[in-house]
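This is start34.cif. It holds mmCIF, C-alpha atoms.
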data_structure
#
loop_
_atom_site.label_atom_id
_atom_site.label_comp_id
_atom_site.auth_asym_id
_atom_site.auth_seq_id
_atom_site.Cartn_x
_atom_site.Cartn_y
_atom_site.Cartn_z
CA MET G 234 142.95 99.17 144.19
CA SER G 235 143.90 97.60 140.88
CA MET G 236 140.28 97.10 139.87
CA ASN G 237 139.43 100.69 140.82
CA ALA G 238 142.26 102.01 138.67
CA ASN G 239 141.34 99.73 135.76
CA ALA G 240 137.67 100.75 135.93
CA LEU G 241 138.66 104.42 135.81
CA LEU G 242 141.04 103.88 132.92
CA ALA G 243 138.36 101.90 131.08
CA ILE G 244 135.95 104.87 131.10
CA GLY G 245 138.63 107.34 130.08
CA ALA G 246 139.54 108.82 133.47
CA SER G 247 143.10 109.34 134.72
CA PRO G 248 143.54 107.88 138.22
CA ALA G 249 146.36 108.50 140.69
CA MET G 250 146.40 106.11 143.66
CA VAL G 251 147.90 108.14 146.52
CA HIS G 252 148.31 107.23 150.21
CA GLY G 253 151.23 109.16 151.66
CA LYS G 254 150.49 112.10 153.92
CA GLU G 255 153.55 113.80 152.45
CA GLU G 256 151.83 114.33 149.08
CA VAL G 257 148.07 113.90 149.37
CA GLU G 258 147.32 117.61 149.75
CA GLU G 259 149.37 118.47 146.68
CA PHE G 260 147.67 115.76 144.63
CA VAL G 261 144.21 116.96 145.72
CA CYS G 262 144.96 120.38 144.24
CA LEU G 263 145.87 118.72 140.94
CA ALA G 264 142.74 116.57 140.81
CA SER G 265 139.32 117.17 139.29
CA ALA G 266 137.81 115.04 142.07
CA LEU G 267 138.96 113.08 145.13
CA TYR G 268 137.84 109.54 145.97
CA VAL G 269 138.35 108.32 149.54
CA ASN G 270 137.96 104.59 150.18
CA VAL G 271 138.41 103.41 153.77
CA GLY G 272 138.78 99.74 152.83
CA THR G 273 142.36 99.34 154.07
CA LEU G 274 142.23 101.60 157.10
CA ASP G 275 145.07 102.14 159.56
CA GLY G 276 146.34 105.10 161.55
CA ALA G 277 148.63 106.44 158.86
CA ARG G 278 146.02 106.18 156.11
CA ARG G 279 143.38 107.75 158.32
CA GLU G 280 145.68 110.73 158.86
CA ALA G 281 146.32 111.01 155.12
CA MET G 282 142.60 110.79 154.37
CA MET G 283 141.84 113.61 156.79
CA LEU G 284 144.52 115.80 155.22
CA ALA G 285 143.09 115.06 151.78
CA VAL G 286 139.45 115.84 152.58
CA ARG G 287 140.31 119.02 154.47
CA LYS G 288 142.35 120.20 151.49
CA ALA G 289 139.52 119.26 149.11
CA LYS G 290 137.06 121.28 151.20
CA GLU G 291 139.45 124.24 151.27
CA ALA G 292 140.21 124.09 147.54
CA GLY G 293 136.64 123.40 146.40
CA VAL G 294 137.51 119.99 144.94
CA PRO G 295 134.47 117.64 144.93
CA TRP G 296 135.04 114.33 146.67
CA VAL G 297 133.38 110.95 147.09
CA LEU G 298 133.42 108.80 150.23
CA ASP G 299 133.10 105.02 150.20
CA PRO G 300 132.61 104.04 153.88
CA VAL G 301 133.70 100.41 153.46
CA ALA G 302 132.39 98.20 156.31
CA ALA G 303 131.56 101.32 158.34
CA GLY G 304 129.63 99.28 160.92
CA GLY G 305 132.32 96.64 161.29
CA THR G 306 134.40 98.22 164.08
CA LYS G 307 134.31 101.31 166.26
CA HIS G 308 137.61 102.55 164.79
CA ARG G 309 136.23 102.29 161.26
CA LEU G 310 132.93 103.98 162.09
CA ASP G 311 134.68 106.79 163.99
CA ALA G 312 136.96 107.42 161.00
CA CYS G 313 134.01 107.57 158.59
CA LEU G 314 132.09 109.96 160.82
CA GLN G 315 135.14 112.19 161.16
CA LEU G 316 135.53 112.26 157.37
CA LEU G 317 131.86 113.16 157.00
CA ASP G 318 131.84 115.89 159.64
CA GLU G 319 135.14 117.57 158.80
CA GLY G 320 135.34 116.97 155.07
CA LYS G 321 131.71 117.44 153.96
CA PRO G 322 131.72 115.03 150.99
CA THR G 323 130.04 115.74 147.69
CA VAL G 324 128.77 112.15 147.35
CA VAL G 325 128.65 109.19 149.72
CA ARG G 326 128.34 105.79 148.00
CA GLY G 327 127.91 102.64 150.03
CA ASN G 328 125.87 99.53 150.63
CA PRO G 329 122.78 99.44 152.86
CA SER G 330 124.53 98.25 156.02
CA GLU G 331 127.15 100.97 155.65
CA MET G 332 124.48 103.66 155.29
CA LEU G 333 122.59 102.40 158.31
CA ALA G 334 125.82 102.47 160.33
CA LEU G 335 126.57 106.06 159.30
CA THR G 336 123.11 107.19 160.46
CA ARG G 337 123.08 105.22 163.72
CA ARG G 338 123.76 108.46 165.63
CA TYR G 339 120.49 109.95 164.34
CA ASN G 340 118.44 107.20 166.08
CA LEU G 341 116.35 106.35 163.05
CA SER G 342 113.66 103.78 163.71
CA ASN G 343 114.75 101.62 160.75
CA SER G 344 118.48 101.69 161.54
CA ASN G 345 118.54 98.46 163.53
CA ASP G 346 120.40 96.26 161.05
CA ASP G 347 123.71 97.97 160.34
CA SER G 348 125.80 94.84 160.72
CA SER G 349 127.99 93.63 157.91
CA ARG G 350 130.11 90.70 156.81
CA GLY G 351 133.24 92.72 156.25
CA PRO G 352 132.40 94.99 153.31
CA ASP G 353 129.28 92.96 152.45
CA SER G 354 125.82 94.21 153.34
CA THR G 355 123.33 92.21 155.40
CA ALA G 356 120.47 94.59 154.52
CA ALA G 357 118.66 95.40 151.28
CA SER G 358 119.03 98.79 149.60
CA ASN G 359 115.38 99.77 150.19
CA ASP G 360 115.91 99.11 153.93
CA ALA G 361 118.42 101.99 153.97
CA LEU G 362 116.53 104.46 151.79
CA THR G 363 115.29 106.55 154.71
CA ALA G 364 118.79 106.55 156.18
CA ALA G 365 120.22 107.70 152.85
CA LYS G 366 117.77 110.60 152.66
CA VAL G 367 118.53 111.69 156.22
CA LEU G 368 122.28 111.49 155.64
CA ALA G 369 121.93 113.56 152.45
CA GLN G 370 119.93 116.20 154.31
CA LYS G 371 122.28 116.33 157.30
CA MET G 372 125.46 116.47 155.22
CA LYS G 373 123.97 118.49 152.35
CA CYS G 374 125.37 115.99 149.88
CA VAL G 375 124.29 113.28 147.45
CA VAL G 376 123.98 109.75 148.82
CA ALA G 377 123.93 106.58 146.72
CA VAL G 378 122.93 103.38 148.49
CA THR G 379 123.49 100.53 146.09
CA GLY G 380 122.41 96.92 145.91
CA GLU G 381 119.85 94.96 143.92
CA VAL G 382 118.36 98.39 143.19
CA ASP G 383 120.48 101.54 143.45
CA TYR G 384 118.92 104.54 145.18
CA VAL G 385 120.44 107.99 144.72
CA THR G 386 119.18 110.99 146.67
CA ASP G 387 120.06 114.54 147.66
CA GLY G 388 117.50 114.40 150.46
CA THR G 389 114.83 116.05 148.33
CA ARG G 390 114.83 114.16 145.04
CA THR G 391 115.40 110.41 144.87
CA PHE G 392 116.07 108.17 141.89
CA ALA G 393 116.02 104.38 141.61
CA VAL G 394 118.33 102.69 139.12
CA TYR G 395 117.39 99.16 138.05
CA GLY G 396 119.79 96.79 136.30
CA GLY G 397 123.16 95.22 136.99
CA ASP G 398 123.92 91.62 137.87
CA VAL G 399 123.91 89.85 141.22
CA ILE G 400 127.32 88.29 140.53
CA CYS G 401 128.87 91.69 141.27
CA THR G 402 128.51 90.74 144.95
CA LEU G 403 131.07 87.96 144.34
CA VAL G 404 133.65 90.20 142.68
CA THR G 405 136.07 91.86 145.09
CA ALA G 406 136.05 95.66 144.78
CA ALA G 407 133.07 95.83 142.41
CA GLY G 408 131.31 98.24 144.76
CA CYS G 409 134.51 100.20 145.30
CA SER G 410 134.90 100.47 141.53
CA LEU G 411 131.36 101.84 141.28
CA SER G 412 132.37 104.54 143.78
CA ALA G 413 135.41 105.31 141.63
CA VAL G 414 133.18 105.67 138.57
CA VAL G 415 130.90 107.98 140.57
CA ALA G 416 133.95 110.14 141.36
CA ALA G 417 134.83 110.33 137.67
CA PHE G 418 131.30 111.40 136.75
CA VAL G 419 131.36 113.97 139.56
CA ALA G 420 134.64 115.33 138.20
CA SER G 421 133.07 115.66 134.74
CA SER G 422 130.02 117.43 136.14
CA ALA G 423 132.17 119.80 138.18
CA GLY G 424 133.83 120.92 134.97
CA SER G 425 130.55 121.72 133.21
CA LYS G 426 128.57 124.94 133.33
CA ASP G 427 125.46 123.07 134.53
CA CYS G 428 127.01 121.25 137.50
CA ASP G 429 124.63 118.53 138.75
CA TYR G 430 126.13 116.10 141.26
CA LEU G 431 122.84 114.25 141.78
CA GLY G 432 122.54 113.66 138.05
CA ALA G 433 126.19 112.64 137.85
CA ALA G 434 125.75 110.01 140.57
CA VAL G 435 122.58 108.65 138.93
CA ALA G 436 124.33 108.47 135.56
CA ALA G 437 127.34 106.70 137.08
CA CYS G 438 125.15 104.07 138.74
CA ALA G 439 123.25 103.54 135.49
CA ALA G 440 126.46 103.21 133.45
CA PHE G 441 127.96 100.72 135.90
CA SER G 442 124.73 98.69 136.08
CA ALA G 443 124.56 98.60 132.29
CA ALA G 444 128.19 97.50 132.10
CA ALA G 445 127.41 94.63 134.47
CA GLY G 446 124.44 93.65 132.33
CA LEU G 447 126.54 93.86 129.18
CA ALA G 448 129.27 91.72 130.74
CA ARG G 449 126.67 89.08 131.59
CA GLU G 450 125.29 89.13 128.04
CA ARG G 451 128.74 88.59 126.56
CA LEU G 452 129.67 85.79 128.96
CA GLY G 453 126.40 83.88 129.16
CA LYS G 454 124.76 82.42 132.25
CA GLY G 455 127.47 79.89 133.12
CA ALA G 456 130.29 82.34 133.77
CA GLY G 457 131.72 82.77 137.24
CA PRO G 458 133.09 85.78 139.12
CA GLY G 459 136.65 85.44 137.77
CA SER G 460 135.73 85.87 134.13
CA PHE G 461 133.02 88.38 135.05
CA HIS G 462 135.65 90.61 136.68
CA VAL G 463 137.52 90.92 133.37
CA ALA G 464 134.33 91.21 131.30
CA LEU G 465 133.09 94.05 133.52
CA ILE G 466 136.21 96.13 132.86
CA ASP G 467 135.87 95.43 129.13
CA ALA G 468 132.21 96.43 129.23
CA LEU G 469 132.99 99.70 131.01
CA HIS G 470 135.40 100.47 128.19
CA THR G 471 132.99 99.73 125.34
CA ILE G 472 129.58 100.62 126.75
CA THR G 473 127.37 102.95 124.72
CA GLU G 474 124.41 105.16 125.51
CA ASP G 475 122.20 102.62 123.73
CA ASP G 476 123.47 99.92 126.12
CA VAL G 477 122.55 102.06 129.12
CA GLN G 478 119.05 102.68 127.78
CA ARG G 479 118.57 99.02 126.94
CA LEU G 480 119.96 97.43 130.09
CA THR G 481 118.90 99.83 132.84
CA ARG G 482 115.83 101.72 133.96
CA ILE G 483 115.89 104.99 135.92
CA GLU G 484 112.83 106.08 137.88
CA GLU G 485 112.35 109.20 140.00
CA LEU G 486 110.53 108.31 143.20
CA VAL G 487 107.76 110.61 144.38
#

This entry written out as structure tokens:
Amino acid sequence: MSMNANALLAIGASPAMVHGKEEVEEFVCLASALYVNVGTLDGARREAMMLAVRKAKEAGVPWVLDPVAAGGTKHRLDACLQLLDEGKPTVVRGNPSEMLALTRRYNLSNSNDDSSRGPDSTAASNDALTAAKVLAQKMKCVVAVTGEVDYVTDGTRTFAVYGGDVICTLVTAAGCSLSAVVAAFVASSAGSKDCDYLGAAVAACAAFSAAAGLARERLGKGAGPGSFHVALIDALHTITEDDVQRLTRIEELV
């Protein structure tokens, strides 16, 4: 949670980390976007999450779901599917195994490996690309499946984002922080006259990938995940458009 909040502050967003069912609905109505992360899931938090997404749907507040370790347990998968079906997210951002787990009910031929090591994926992002497209079509939302290459799709158009650094897989909450950044970009897009949630998700993935690349440049090859954690937050704060163009590549897939 701390890294999520710090990542949001670094890019100029204003996070509020809220769990209690007594206040989540009120906070949703104050927010430009809602981010739901199921990483620390229990009965009380599940209830609060459901209240939040229902209120977001009612109030027209865009929201982002991070289905952390969705395939890990039945309770966790059931909660994620309930959030999807009742809340109708704006964006779903997860790793390949999580996406394959969320689409297991659609009996896709390539959805065999949806196992995970906790929140870590055991599949590659391109393995889940079909699943991401199907989920986007079924839910009428944007889906970002991230890994060595990030794929972002609305079920019709699909973009690949190249960049980043593999050491992100060794930094706790790096993926969750990417989801938080996606939520901030979605909030910004929602406030513009040309609202484009697909473009916002692509831009967020590119910015985060570039920040990871910039952090690696500043630290050098010998740095470990501890120093990279700090450098990533610093890079998110200082990154420029030139950095994004230099350190990432965005390709529309046809």

Quiz item: From the set G:Thr323, G:Asn340, G:Ser330, G:Thr481, which residue has the shortest atom-to-atom contact distance to Leu431 of chain G, counting only C-alpha atoms?
Solution: G:Thr323

Quiz item: Can you list what the PyMOL selection byres ((chain G and resi 473) around 12) grabs from this structure, as a count of residues only?
Solution: 19

Exercise. Extract, using only C-alpha atoms, all DNA, RNA and protein residues at most 7 Å from Ala416 of chain G, discarding same-chain residues fewer than 4 positions from it, and format them as a ChimeraX atom specification.
Key: /G:266-268,296-297,412,420

Practice problem: Can you work out the spacing between atom CA of Ala246 of chain G and atom CA of Val414 of chain G in Å, to one decimal? | Solution: 8.7 Å

Quiz item: Between G:Leu362, G:Ala240, G:Met332, G:Ala413, which is the closest to Thr391 of chain G once you count only C-alpha atoms?
Solution: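 Checking each candidate against Thr391 of chain G, we get G:Leu362 as the closest.
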
Exercise. Name the residues captured by the PyMOL selection byres ((chain G and resi 234) around 10) when it is applied to the shown file; answer as a list in words.
Key: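 Answer for the PyMOL selection byres ((chain G and resi 234) around 10): Ser235, Met236, Asn237, Ala238, Asn239, Ala240, Met250, Asn270, Gly272, Thr273, Ala406, Cys409 and Ser410 of chain G.
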
Exercise. Any chance you could resolve the PyMOL selection byres ((chain G and resi 306-314) around 8) against this file and give the residues as a ChimeraX atom specification?
Key: /G:271,274,279,300,302-305,315-318,334-335

Return as CSV the residues of segment 300-404 of chain G lying at most 9 Å from segment 450-458 of chain G, together with the closest atom-to-atom pair for each and the distance in Å to one decimal, counting only C-alpha atoms, with rows in chain order and ascending residue number.
residue,atom,partner,partner_atom,distance
G:Ile400,CA,G:Pro458,CA,6.4
G:Cys401,CA,G:Pro458,CA,7.6
G:Thr402,CA,G:Pro458,CA,8.9
G:Leu403,CA,G:Pro458,CA,6.0
G:Val404,CA,G:Pro458,CA,5.7

Quiz prompt | Shortest interatomic distance to Ala393 of chain G - which of G:Gly320, G:Ala369, G:Glu485, G:Val419, counting only C-alpha atoms | solution = G:Glu485

Quiz item: So, counting all atoms listed in the file, which residue among G:Thr386, G:Thr336, G:Ser247, G:Ser422 is closest to Leu486 of chain G?
Solution: G:Thr386

Practice problem: Please provide the set of residues having any atom within 8 Å of Asp383 of chain G, restricted to all atoms listed in the file, with same-chain residues fewer than 2 positions apart removed, written as a count of residues only. | Solution: 11

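Pairwise distance (atom CA of Lys426 of chain G, atom CA of Ala264 of chain G) equals 18.1 Å.
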
So for segment 369-380 of chain G, what box centre and size do we get, axis-aligned, 5 Å extra on each of the six sides, every listed atom, Å to one decimal, as JSON?
{"center_x": 122.7, "center_y": 107.7, "center_z": 151.6, "size_x": 15.5, "size_y": 31.6, "size_z": 21.4}

Practice problem: Quick one: everything within 8 Å of Gln370 of chain G, counting all atoms listed in the file, minus sequence neighbours fewer than 2 positions away in the same chain. Send it as a ChimeraX atom specification. | Solution: /G:366-368,372-374,387-389

Take the residues that were just selected and, keeping C-alpha atoms, output them as a PDB file, in the frame of the given file.
ATOM      1  CA  LYS G 366     117.770 110.600 152.660  1.00  0.00           C
ATOM      2  CA  VAL G 367     118.530 111.690 156.220  1.00  0.00           C
ATOM      3  CA  LEU G 368     122.280 111.490 155.640  1.00  0.00           C
ATOM      4  CA  MET G 372     125.460 116.470 155.220  1.00  0.00           C
ATOM      5  CA  LYS G 373     123.970 118.490 152.350  1.00  0.00           C
ATOM      6  CA  CYS G 374     125.370 115.990 149.880  1.00  0.00           C
ATOM      7  CA  ASP G 387     120.060 114.540 147.660  1.00  0.00           C
ATOM      8  CA  GLY G 388     117.500 114.400 150.460  1.00  0.00           C
ATOM      9  CA  THR G 389     114.830 116.050 148.330  1.00  0.00           C
TER      10      THR G 389
END

Give me segment 317-346 of chain G from this structure - N, CA, C and O atoms, as a PDB file, in the first residue's frame.
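This went into selection-v4.pdb:
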ATOM      1  N   LEU G 317     -16.067  -8.052 -11.139  1.00  0.00           N
ATOM      2  CA  LEU G 317     -16.213  -7.862 -12.577  1.00  0.00           C
ATOM      3  C   LEU G 317     -17.685  -7.770 -12.977  1.00  0.00           C
ATOM      4  O   LEU G 317     -18.100  -6.845 -13.687  1.00  0.00           O
ATOM      5  N   ASP G 318     -18.477  -8.738 -12.525  1.00  0.00           N
ATOM      6  CA  ASP G 318     -19.853  -8.860 -13.001  1.00  0.00           C
ATOM      7  C   ASP G 318     -20.759  -7.767 -12.449  1.00  0.00           C
ATOM      8  O   ASP G 318     -21.633  -7.264 -13.159  1.00  0.00           O
ATOM      9  N   GLU G 319     -20.555  -7.388 -11.204  1.00  0.00           N
ATOM     10  CA  GLU G 319     -21.445  -6.401 -10.591  1.00  0.00           C
ATOM     11  C   GLU G 319     -20.935  -4.971 -10.735  1.00  0.00           C
ATOM     12  O   GLU G 319     -21.723  -4.034 -10.787  1.00  0.00           O
ATOM     13  N   GLY G 320     -19.616  -4.819 -10.808  1.00  0.00           N
ATOM     14  CA  GLY G 320     -19.060  -3.472 -10.849  1.00  0.00           C
ATOM     15  C   GLY G 320     -18.768  -2.936 -12.228  1.00  0.00           C
ATOM     16  O   GLY G 320     -18.726  -1.733 -12.439  1.00  0.00           O
ATOM     17  N   LYS G 321     -18.535  -3.848 -13.211  1.00  0.00           N
ATOM     18  CA  LYS G 321     -18.204  -3.435 -14.573  1.00  0.00           C
ATOM     19  C   LYS G 321     -17.043  -2.444 -14.595  1.00  0.00           C
ATOM     20  O   LYS G 321     -17.212  -1.236 -14.791  1.00  0.00           O
ATOM     21  N   PRO G 322     -15.810  -2.925 -14.400  1.00  0.00           N
ATOM     22  CA  PRO G 322     -14.662  -2.016 -14.319  1.00  0.00           C
ATOM     23  C   PRO G 322     -14.387  -1.294 -15.631  1.00  0.00           C
ATOM     24  O   PRO G 322     -14.766  -1.747 -16.709  1.00  0.00           O
ATOM     25  N   THR G 323     -13.686  -0.195 -15.506  1.00  0.00           N
ATOM     26  CA  THR G 323     -13.238   0.569 -16.672  1.00  0.00           C
ATOM     27  C   THR G 323     -11.992  -0.073 -17.272  1.00  0.00           C
ATOM     28  O   THR G 323     -11.855  -0.188 -18.489  1.00  0.00           O
ATOM     29  N   VAL G 324     -11.073  -0.481 -16.390  1.00  0.00           N
ATOM     30  CA  VAL G 324      -9.831  -1.144 -16.789  1.00  0.00           C
ATOM     31  C   VAL G 324      -9.559  -2.290 -15.831  1.00  0.00           C
ATOM     32  O   VAL G 324      -9.774  -2.159 -14.617  1.00  0.00           O
ATOM     33  N   VAL G 325      -9.090  -3.409 -16.370  1.00  0.00           N
ATOM     34  CA  VAL G 325      -8.544  -4.504 -15.562  1.00  0.00           C
ATOM     35  C   VAL G 325      -7.065  -4.604 -15.892  1.00  0.00           C
ATOM     36  O   VAL G 325      -6.704  -4.703 -17.062  1.00  0.00           O
ATOM     37  N   ARG G 326      -6.209  -4.559 -14.874  1.00  0.00           N
ATOM     38  CA  ARG G 326      -4.761  -4.670 -15.080  1.00  0.00           C
ATOM     39  C   ARG G 326      -4.236  -5.825 -14.242  1.00  0.00           C
ATOM     40  O   ARG G 326      -4.414  -5.861 -13.030  1.00  0.00           O
ATOM     41  N   GLY G 327      -3.623  -6.794 -14.895  1.00  0.00           N
ATOM     42  CA  GLY G 327      -3.090  -7.924 -14.149  1.00  0.00           C
ATOM     43  C   GLY G 327      -2.004  -8.635 -14.923  1.00  0.00           C
ATOM     44  O   GLY G 327      -1.696  -8.290 -16.073  1.00  0.00           O
ATOM     45  N   ASN G 328      -1.434  -9.655 -14.296  1.00  0.00           N
ATOM     46  CA  ASN G 328      -0.410 -10.437 -14.971  1.00  0.00           C
ATOM     47  C   ASN G 328      -1.068 -11.567 -15.778  1.00  0.00           C
ATOM     48  O   ASN G 328      -2.282 -11.790 -15.686  1.00  0.00           O
ATOM     49  N   PRO G 329      -0.302 -12.272 -16.573  1.00  0.00           N
ATOM     50  CA  PRO G 329      -0.902 -13.293 -17.452  1.00  0.00           C
ATOM     51  C   PRO G 329      -1.688 -14.374 -16.719  1.00  0.00           C
ATOM     52  O   PRO G 329      -2.790 -14.731 -17.140  1.00  0.00           O
ATOM     53  N   SER G 330      -1.143 -14.906 -15.627  1.00  0.00           N
ATOM     54  CA  SER G 330      -1.857 -15.953 -14.901  1.00  0.00           C
ATOM     55  C   SER G 330      -3.180 -15.446 -14.347  1.00  0.00           C
ATOM     56  O   SER G 330      -4.188 -16.174 -14.336  1.00  0.00           O
ATOM     57  N   GLU G 331      -3.201 -14.209 -13.886  1.00  0.00           N
ATOM     58  CA  GLU G 331      -4.444 -13.625 -13.369  1.00  0.00           C
ATOM     59  C   GLU G 331      -5.486 -13.500 -14.471  1.00  0.00           C
ATOM     60  O   GLU G 331      -6.677 -13.801 -14.265  1.00  0.00           O
ATOM     61  N   MET G 332      -5.061 -13.068 -15.666  1.00  0.00           N
ATOM     62  CA  MET G 332      -6.003 -12.928 -16.774  1.00  0.00           C
ATOM     63  C   MET G 332      -6.550 -14.275 -17.215  1.00  0.00           C
ATOM     64  O   MET G 332      -7.744 -14.422 -17.520  1.00  0.00           O
ATOM     65  N   LEU G 333      -5.692 -15.276 -17.247  1.00  0.00           N
ATOM     66  CA  LEU G 333      -6.146 -16.611 -17.623  1.00  0.00           C
ATOM     67  C   LEU G 333      -7.138 -17.150 -16.599  1.00  0.00           C
ATOM     68  O   LEU G 333      -8.118 -17.812 -16.957  1.00  0.00           O
ATOM     69  N   ALA G 334      -6.916 -16.848 -15.326  1.00  0.00           N
ATOM     70  CA  ALA G 334      -7.852 -17.289 -14.284  1.00  0.00           C
ATOM     71  C   ALA G 334      -9.211 -16.617 -14.447  1.00  0.00           C
ATOM     72  O   ALA G 334     -10.264 -17.256 -14.320  1.00  0.00           O
ATOM     73  N   LEU G 335      -9.213 -15.327 -14.747  1.00  0.00           N
ATOM     74  CA  LEU G 335     -10.470 -14.588 -14.889  1.00  0.00           C
ATOM     75  C   LEU G 335     -11.298 -15.076 -16.075  1.00  0.00           C
ATOM     76  O   LEU G 335     -12.527 -14.934 -16.077  1.00  0.00           O
ATOM     77  N   THR G 336     -10.638 -15.647 -17.085  1.00  0.00           N
ATOM     78  CA  THR G 336     -11.355 -16.105 -18.275  1.00  0.00           C
ATOM     79  C   THR G 336     -11.540 -17.622 -18.293  1.00  0.00           C
ATOM     80  O   THR G 336     -12.010 -18.167 -19.286  1.00  0.00           O
ATOM     81  N   ARG G 337     -11.219 -18.284 -17.205  1.00  0.00           N
ATOM     82  CA  ARG G 337     -11.387 -19.736 -17.130  1.00  0.00           C
ATOM     83  C   ARG G 337     -12.828 -20.143 -17.442  1.00  0.00           C
ATOM     84  O   ARG G 337     -13.089 -21.155 -18.088  1.00  0.00           O
ATOM     85  N   ARG G 338     -13.795 -19.338 -16.997  1.00  0.00           N
ATOM     86  CA  ARG G 338     -15.209 -19.683 -17.191  1.00  0.00           C
ATOM     87  C   ARG G 338     -15.641 -19.613 -18.657  1.00  0.00           C
ATOM     88  O   ARG G 338     -16.714 -20.091 -19.003  1.00  0.00           O
ATOM     89  N   TYR G 339     -14.828 -19.011 -19.512  1.00  0.00           N
ATOM     90  CA  TYR G 339     -15.172 -18.927 -20.928  1.00  0.00           C
ATOM     91  C   TYR G 339     -14.616 -20.100 -21.735  1.00  0.00           C
ATOM     92  O   TYR G 339     -14.814 -20.175 -22.952  1.00  0.00           O
ATOM     93  N   ASN G 340     -13.887 -21.015 -21.067  1.00  0.00           N
ATOM     94  CA  ASN G 340     -13.382 -22.249 -21.688  1.00  0.00           C
ATOM     95  C   ASN G 340     -12.530 -21.962 -22.921  1.00  0.00           C
ATOM     96  O   ASN G 340     -12.704 -22.576 -23.974  1.00  0.00           O
ATOM     97  N   LEU G 341     -11.625 -21.013 -22.782  1.00  0.00           N
ATOM     98  CA  LEU G 341     -10.720 -20.713 -23.889  1.00  0.00           C
ATOM     99  C   LEU G 341      -9.689 -21.816 -24.025  1.00  0.00           C
ATOM    100  O   LEU G 341      -9.181 -22.348 -23.041  1.00  0.00           O
ATOM    101  N   SER G 342      -9.323 -22.122 -25.242  1.00  0.00           N
ATOM    102  CA  SER G 342      -8.401 -23.239 -25.479  1.00  0.00           C
ATOM    103  C   SER G 342      -7.017 -22.980 -24.919  1.00  0.00           C
ATOM    104  O   SER G 342      -6.281 -23.906 -24.614  1.00  0.00           O
ATOM    105  N   ASN G 343      -6.623 -21.698 -24.771  1.00  0.00           N
ATOM    106  CA  ASN G 343      -5.273 -21.393 -24.291  1.00  0.00           C
ATOM    107  C   ASN G 343      -5.268 -20.991 -22.823  1.00  0.00           C
ATOM    108  O   ASN G 343      -4.311 -20.413 -22.336  1.00  0.00           O
ATOM    109  N   SER G 344      -6.345 -21.306 -22.085  1.00  0.00           N
ATOM    110  CA  SER G 344      -6.439 -20.888 -20.691  1.00  0.00           C
ATOM    111  C   SER G 344      -6.066 -21.999 -19.721  1.00  0.00           C
ATOM    112  O   SER G 344      -6.620 -22.127 -18.639  1.00  0.00           O
ATOM    113  N   ASN G 345      -5.120 -22.843 -20.111  1.00  0.00           N
ATOM    114  CA  ASN G 345      -4.776 -23.992 -19.278  1.00  0.00           C
ATOM    115  C   ASN G 345      -3.865 -23.621 -18.114  1.00  0.00           C
ATOM    116  O   ASN G 345      -3.966 -24.188 -17.036  1.00  0.00           O
ATOM    117  N   ASP G 346      -2.951 -22.675 -18.318  1.00  0.00           N
ATOM    118  CA  ASP G 346      -2.003 -22.327 -17.273  1.00  0.00           C
ATOM    119  C   ASP G 346      -2.415 -21.028 -16.600  1.00  0.00           C
ATOM    120  O   ASP G 346      -1.971 -19.953 -16.957  1.00  0.00           O
TER     121      ASP G 346
END
